[in-house]
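Since the structure comes first, as structure tokens, the remarks are kept for the end.
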Amino acid sequence: MMQVWPKSFNLAVCKICLFVVSGLWMSHSVAAEATDPASVLPRQKRKSSITTPSDFLGFKIGSRHLRHDQIHGYMELLAEQSDRVSFTPYATSHGGRQLFVLVITSPDNQKHIAKIKETHRELASGKMKTPRREDRTVMYLGYGVHGDEASAMNASPLLGYHLASSQADSVVKALNDSVLLLDPSLNPDGGSRFAHWANENRGRLGSQDPADREHRQDWPGGRTNYYWFDLNRDWLPVVHPESRGRIQLFHEWKPNVVLDFHEMGSSSSYFFQPGIPARTNPLTPAKNVELTEQLAGKHA
Ligand SMILES: [Zn+2]
């Protein structure tokens, strides 16, 4: 499965984030992705019928920050162009922006996606003890719950393009074996607020100076949603439409793996789950702490 990911995906996390995370590192101004996507994605044979992000956007990924509507438009196009990709809306943000996932899997799986979901739910329910030949691994990938940790959202079109276009055996096999739920923009209002700020306050040449206005958002920044709530603190209360839709989607699919993509600043230390005990919500099962400690060991 891990061969699906571009090699340039680095682990990068926010020290006040709650989940295991990773993201595509984007430098302050001109990222490595500022060139042809083929330079950051694995060099594999690709379907020429799939439009690249830069051809759709008119600029290279990483050369400026993406708003939600740009990602939305590109992902809809992927669903039109690729028989591996379908587009599923699941909520509308307070700001009126549509949240959605791309369901990405093999064309054959797409034809039977309702049945695959049904059998997966049977397995997840515990009624079925042994996986069957027709069962598929389900992985959810969520990007940018903190809208100003922008490498997450900005990386998602590249991943969508990679999975829709690659003809490598490893990708074809992974898509036969699994269903990926790509949620490119968990906080569309905050992400778009941040994109506006960064794009309109940067110079023609980006600055790496952390004191530069480009890197110092006015309050409220892009971290929070339309009404300035931190959606990464809404996984348990579930009071905002973005979270309500996301949690409903989770229970609909019961993914085997959930990845939540954040970003840390270049001068921050590395966040390890489960973090300090005082921050653990009493509703969080002890098993969660035990398992995330094991994951932290792997990260270390
Ligand atoms: Zn974060």
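FYI, nothing fancy with the structure tokens labels: chains A, B, ... in order, residues from 1 per chain, ligands from 1 as they appear.
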Write out as a VMD selection string which residues come within 10 Å of Met75 of chain A when counting only C-alpha atoms, dropping same-chain ones fewer than 6 positions away. chain A and resid 53 69 81 85 to 87 100 to 102 156 to 157 160 to 161 182 184
Residues from the last selection, C-alpha atoms, saved as a short mmCIF file (atom, residue, chain, number, x, y, z; two decimals), in the first residue's frame:
data_model
loop_
_atom_site.label_atom_id
_atom_site.label_comp_id
_atom_site.auth_asym_id
_atom_site.auth_seq_id
_atom_site.Cartn_x
_atom_site.Cartn_y
_atom_site.Cartn_z
CA PRO A 53 -3.12 19.84 -11.79
CA ASP A 69 -12.89 26.01 -5.12
CA GLN A 81 -11.99 11.73 -16.70
CA VAL A 85 -12.58 8.00 -9.45
CA SER A 86 -16.05 8.97 -8.23
CA PHE A 87 -17.10 12.17 -6.52
CA PHE A 100 -16.61 15.89 -0.64
CA VAL A 101 -14.48 12.78 -0.97
CA LEU A 102 -13.09 11.19 -4.06
CA SER A 156 -4.12 16.56 -2.48
CA PRO A 157 -4.48 17.33 -6.23
CA GLY A 160 -5.52 12.51 -6.91
CA TYR A 161 -3.70 12.89 -10.22
CA LEU A 182 -9.57 11.10 -0.53
CA PRO A 184 -8.81 16.93 0.11
#
With 9 Å as the cut-off and only C-alpha atoms counted, what is the closest atom pair between each nearby residue of segment 145-196 of chain A and segment 215-237 of chain A? Distances in Å to one decimal, ordered by chain and number, as a tab-separated table.
residue	atom	partner	partner_atom	distance
A:Val145	CA	A:Asn232	CA	6.3
A:His146	CA	A:Arg223	CA	4.4
A:Gly147	CA	A:Arg223	CA	4.7
A:Asp148	CA	A:Gly222	CA	4.6
A:Glu149	CA	A:Arg223	CA	7.4
A:Ala150	CA	A:Gly222	CA	9.0
A:Leu186	CA	A:Leu231	CA	8.6
A:Asn187	CA	A:Asn225	CA	6.1
A:Pro188	CA	A:Asn225	CA	7.7
A:Asp189	CA	A:Tyr226	CA	5.5
A:Gly190	CA	A:Gly222	CA	4.2
A:Gly191	CA	A:Gly222	CA	5.6
A:Ser192	CA	A:Gly222	CA	7.4
A:Arg193	CA	A:Gly222	CA	5.5
A:Phe194	CA	A:Gly222	CA	4.5
A:Ala195	CA	A:Gly222	CA	8.1
Could you please take those selected residues and save N, CA and C atoms as a PDB file, in the first residue's frame?
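Resulting contents of selection02.pdb:
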ATOM      1  N   VAL A 145      -7.462  19.868   8.037  1.00  0.00           N
ATOM      2  CA  VAL A 145      -8.466  20.293   9.029  1.00  0.00           C
ATOM      3  C   VAL A 145      -8.041  21.639   9.627  1.00  0.00           C
ATOM      4  N   HIS A 146      -6.739  21.863   9.686  1.00  0.00           N
ATOM      5  CA  HIS A 146      -6.214  23.192  10.014  1.00  0.00           C
ATOM      6  C   HIS A 146      -5.852  23.874   8.688  1.00  0.00           C
ATOM      7  N   GLY A 147      -6.648  24.873   8.325  1.00  0.00           N
ATOM      8  CA  GLY A 147      -6.543  25.422   6.979  1.00  0.00           C
ATOM      9  C   GLY A 147      -5.249  26.149   6.682  1.00  0.00           C
ATOM     10  N   ASP A 148      -4.521  26.555   7.741  1.00  0.00           N
ATOM     11  CA  ASP A 148      -3.255  27.243   7.478  1.00  0.00           C
ATOM     12  C   ASP A 148      -2.064  26.288   7.526  1.00  0.00           C
ATOM     13  N   GLU A 149      -2.315  24.998   7.699  1.00  0.00           N
ATOM     14  CA  GLU A 149      -1.263  23.999   7.523  1.00  0.00           C
ATOM     15  C   GLU A 149      -1.415  23.514   6.076  1.00  0.00           C
ATOM     16  N   ALA A 150      -1.026  24.411   5.197  1.00  0.00           N
ATOM     17  CA  ALA A 150      -1.548  24.391   3.838  1.00  0.00           C
ATOM     18  C   ALA A 150      -0.942  23.325   2.938  1.00  0.00           C
ATOM     19  N   LEU A 186     -10.669  19.453   4.415  1.00  0.00           N
ATOM     20  CA  LEU A 186     -11.572  19.245   5.556  1.00  0.00           C
ATOM     21  C   LEU A 186     -12.121  20.548   6.111  1.00  0.00           C
ATOM     22  N   ASN A 187     -11.394  21.630   5.884  1.00  0.00           N
ATOM     23  CA  ASN A 187     -11.788  22.930   6.431  1.00  0.00           C
ATOM     24  C   ASN A 187     -11.752  23.956   5.290  1.00  0.00           C
ATOM     25  N   PRO A 188     -12.711  23.869   4.381  1.00  0.00           N
ATOM     26  CA  PRO A 188     -12.631  24.679   3.164  1.00  0.00           C
ATOM     27  C   PRO A 188     -12.668  26.178   3.419  1.00  0.00           C
ATOM     28  N   ASP A 189     -13.396  26.611   4.465  1.00  0.00           N
ATOM     29  CA  ASP A 189     -13.480  28.051   4.727  1.00  0.00           C
ATOM     30  C   ASP A 189     -12.154  28.581   5.288  1.00  0.00           C
ATOM     31  N   GLY A 190     -11.592  27.847   6.254  1.00  0.00           N
ATOM     32  CA  GLY A 190     -10.304  28.270   6.825  1.00  0.00           C
ATOM     33  C   GLY A 190      -9.188  28.167   5.806  1.00  0.00           C
ATOM     34  N   GLY A 191      -9.212  27.099   5.019  1.00  0.00           N
ATOM     35  CA  GLY A 191      -8.159  26.917   4.018  1.00  0.00           C
ATOM     36  C   GLY A 191      -8.175  28.024   2.980  1.00  0.00           C
ATOM     37  N   SER A 192      -9.377  28.400   2.569  1.00  0.00           N
ATOM     38  CA  SER A 192      -9.487  29.468   1.567  1.00  0.00           C
ATOM     39  C   SER A 192      -9.118  30.821   2.174  1.00  0.00           C
ATOM     40  N   ARG A 193      -9.477  31.044   3.448  1.00  0.00           N
ATOM     41  CA  ARG A 193      -9.093  32.286   4.134  1.00  0.00           C
ATOM     42  C   ARG A 193      -7.566  32.400   4.159  1.00  0.00           C
ATOM     43  N   PHE A 194      -6.910  31.294   4.481  1.00  0.00           N
ATOM     44  CA  PHE A 194      -5.447  31.324   4.527  1.00  0.00           C
ATOM     45  C   PHE A 194      -4.859  31.550   3.135  1.00  0.00           C
ATOM     46  N   ALA A 195      -5.400  30.873   2.134  1.00  0.00           N
ATOM     47  CA  ALA A 195      -4.859  31.015   0.777  1.00  0.00           C
ATOM     48  C   ALA A 195      -4.935  32.470   0.325  1.00  0.00           C
TER      49      ALA A 195
END
As a count of residues only, please: every residue in segment 104-221 of chain A that a backbone DSSP assignment puts in strand (DSSP E). 14
If I take atom CA of Ser243 of chain A and atom 1 (Zn, counted along the ligand's line) of ligand 1, how far is one from the other in Å, to one decimal?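 Computing it gives 15.1 Å between the two atoms.
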Tell me which protein, DNA and RNA residues are within 9 Å of segment 200-204 of chain A, counting only C-alpha atoms, leaving out same-chain ones fewer than 6 positions away, and put them as a PyMOL selection string. chain A and resi 29+212-215
Nearest-residue call for ligand 1, choices A:Leu283, A:Val103, A:Ile61, A:Ala152, using only C-alpha atoms and all ligand atoms: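 Smallest separation from ligand 1 among the options: A:Ala152.
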Using DSSP assignments from the backbone, pull out every residue in segment 86-192 of chain A that falls under helix (DSSP H, G or I) and give it to me as a VMD selection string. chain A and resid 107 to 111 113 to 125 151 to 165 169 to 177 188 to 192
Calculated over only C-alpha atoms and all ligand atoms, which of the candidates A:Gln248, A:Gln167, A:Arg97, A:Ser151 has the smallest distance to ligand 1?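 Among A:Gln248, A:Gln167, A:Arg97, A:Ser151, it is A:Ser151 that comes nearest to ligand 1.
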Shortest interatomic distance to ligand 1 - which of A:Arg121, A:His262, A:Arg64, A:His299, counting only C-alpha atoms and all ligand atoms: A:His262
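Distances here use only C-alpha atoms and all ligand atoms; by that measure, the residue among A:Tyr90, A:Tyr143, A:Phe59, A:Tyr74 closest to ligand 1 is A:Tyr143.
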Rounded to one decimal place, report the atom CA of Pro274 of chain A-atom CA of Val258 of chain A distance in Å.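 Result for atom CA of Pro274 of chain A versus atom CA of Val258 of chain A: 15.6 Å, one decimal.
Remark: for ligand 1, the closest of the candidate residues A:Met153, A:Ala164, A:Leu295, A:Ile113 is A:Met153 (distances computed over only C-alpha atoms and all ligand atoms).
The closest residue to ligand 1, picked from A:Lys129, A:Ser267, A:Gly144, A:Glu118 and counting only C-alpha atoms and all ligand atoms, is A:Gly144.
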For atom CA of Glu242 of chain A and atom CA of Leu99 of chain A, quote the distance in Å rounded to one decimal.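 Between these atoms lies a distance of 7.2 Å.
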